[in-house]
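**Student:** Handing you this structure, nothing more for now.
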Amino acid sequence: MKVTNWKAADSSKEKSTATMGKFYGGAVTYKWNWDQVAQAFWQRYPNPYSKHVLTEDILSRHVEGNRLYTRRLMIKTNPVPKWGERFIPSSARNMCILEESVVDASSRTITTYTRNIAMQNVMNVEEKCVYRVNPENNRWTVCEKYAWVTSSVFGFGSAIQAYGIDRFRKNATKATRGYEFVLERLFMPVLHQQLSSRDKLKDKAIKVAQAAKDKAKDSISTARPQPS
Amino acid sequence: MLPTEMNSVGDECLELKKAYEECFNKWFSEKFLKGQTEDTCAPMFRVYQDCVKKAVKERKLDLWELEKSVLGTEKEKKVPDGSEK
């Protein structure tokens, strides 16, 4: 199984200032060549880690020289924590995400800029990624990621930003796993099938274990002696 | 089974989307990445795009925001000093 690493904690940067909100920077290495990563970029969804992505559409696309410019719209479910419900109306529980991208076939880079549309006042997340050939190993691809989370909700801004950056980090991990999954499906189909069935077995084993645990808990709580 | 395709913002656009993406993925890997940049899937894209535009309007999504460009403009957020590499 390919291992994807976030850079060690000391090289990923997190900053917070009054004017820019929270900033996050990090890098992911894919052990796939740039051409493979580029092809998978357009076939990333669906994958087992993208169940929150409901729709995906290309809004516009054009070629200029060796560059492909694309705007991609995604609608995602937007789970809101209990304390956030007062800021976010239930009608806005689905979030529109716009991704602008440029694929440069001559310099072998993909640059993406992704942001949420609507409710930017409550929480605005902007992410920039640059995928390029790994300078230390040209059979691999490195993706540098930067994210900015801002909120202008008076008095709650910093709590919302902290929540936002935490969710960003979790979602970034999911996105990387999903990307790996798609790369394996596209370029190592036989191994991919074996892995998927192994994962399925593992899932099943976990579920059975959890059910047994729950049952055990139930019987313990019912068996607990009542205070007299 | 895991679905192998994504939904479209408009259900009525799904078939057009699938047809276009099939053309695009082939073109992207076999032509574009090899330096042949004439977009031979453009006619299929236009049909699909018309459908998506209508669907986006019907859903009252913020068209102005969707058409705004940030990448490559001054509106891009900046990496704070001292965070580069």
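Scheme for the structure tokens: letters A, B, ... for chains in order shown; per-chain residue numbers from 1; ligand numbers from 1 in order shown.
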Applying 12 Å and only C-alpha atoms, which residues near Asn138 in chain A remain after dropping the ones on its own chain fewer than 3 positions away? List them as a VMD selection string.

**Tutor:** chain A and resid 29 to 35 108 132 to 135 141 to 142

**Student:** Please list as a ChimeraX atom specification every residue within 9 Å of range 6-9 of chain B, counting only C-alpha atoms and excluding residues in the same chain fewer than 5 positions away.

**Tutor:** /A:45-46,53-57,73-75 /B:14,17-18,52,55-56,59

**Student:** Taking only C-alpha atoms into account, report as number ranges by chain which residues of chain A lie within 8 Å of chain B.

**Tutor:** A: 11, 13, 15, 23, 25, 35, 39, 42, 45-48, 54-60, 63, 65-66, 75, 98, 100-101, 105-106, 112-113, 117-118, 126, 146, 148

**Student:** Could you give me the residues within chain B that DSSP places in alpha helix (DSSP H), as a ChimeraX atom specification?

**Tutor:** /B:14-30,42-58,63-67

**Student:** CA of Glu12 in chain B and CA of Arg72 in chain A are how many Å apart?

**Tutor:**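 Spanning CA of Glu12 in chain B to CA of Arg72 in chain A is a straight-line distance of 18.0 Å.
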
**Student:** In Å to one decimal, how far is CA of Tyr24 in chain A from CA of Lys75 in chain B?

**Tutor:**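 Result for CA of Lys75 in chain B versus CA of Tyr24 in chain A: 17.9 Å, one decimal.
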
**Student:** CA of Glu85 in chain A and CA of Ser151 in chain A, how far apart in Å?

**Tutor:**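 Between CA of Ser151 in chain A and CA of Glu85 in chain A the gap works out to 14.9 Å.
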
**Student:** Kindly indicate which residue among A:Met123, A:Asn94, A:Gly26, A:Ser50 lies nearest to Gln161 in chain A, using only C-alpha atoms for the distances.

**Tutor:**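 Closest to Gln161 in chain A of all the choices is A:Met123.
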
**Student:** Name the closest residue to Glu127 in chain A among the candidates A:Ile165, A:Ile160, A:Ala205, A:Cys96; distances are taken between atoms, counting only C-alpha atoms.

**Tutor:**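 That would be A:Ile165, the residue with the smallest distance to Glu127 in chain A.
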
**Student:** Near Ala40 in chain A, within 9 Å and counting only C-alpha atoms, which residues show up once chain neighbours fewer than 2 positions away are dropped, as a ChimeraX atom specification?

**Tutor:** /A:35-38,42-44,179,182-183,186

**Student:** Put those residues in a file: C-alpha atoms, as a PDB file, in the first residue's frame.

**Tutor:**
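Produced file selection-v1.pdb, reproduced below:
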```pdb
ATOM      1  CA  ASP A  35       1.003  12.238 -15.642  1.00  0.00           C
ATOM      2  CA  GLN A  36      -0.854   9.633 -13.581  1.00  0.00           C
ATOM      3  CA  VAL A  37      -1.729  12.157 -10.884  1.00  0.00           C
ATOM      4  CA  ALA A  38      -2.948  14.575 -13.572  1.00  0.00           C
ATOM      5  CA  TRP A  42     -10.275  14.522 -13.278  1.00  0.00           C
ATOM      6  CA  GLN A  43     -11.489  11.134 -12.048  1.00  0.00           C
ATOM      7  CA  ARG A  44     -11.144  11.664  -8.311  1.00  0.00           C
ATOM      8  CA  TYR A 179      -6.935  10.311  -4.503  1.00  0.00           C
ATOM      9  CA  VAL A 182      -8.487   6.392  -7.549  1.00  0.00           C
ATOM     10  CA  LEU A 183      -4.825   6.185  -8.629  1.00  0.00           C
ATOM     11  CA  LEU A 186      -6.757   3.497 -12.633  1.00  0.00           C
TER      12      LEU A 186
END
```

**Student:** If you run DSSP on the backbone here, which positions in range 25-79 of chain A get strand (DSSP E or B)? Please write them as a VMD selection string.

**Tutor:** chain A and resid 25 to 30 53 to 64 67 to 77
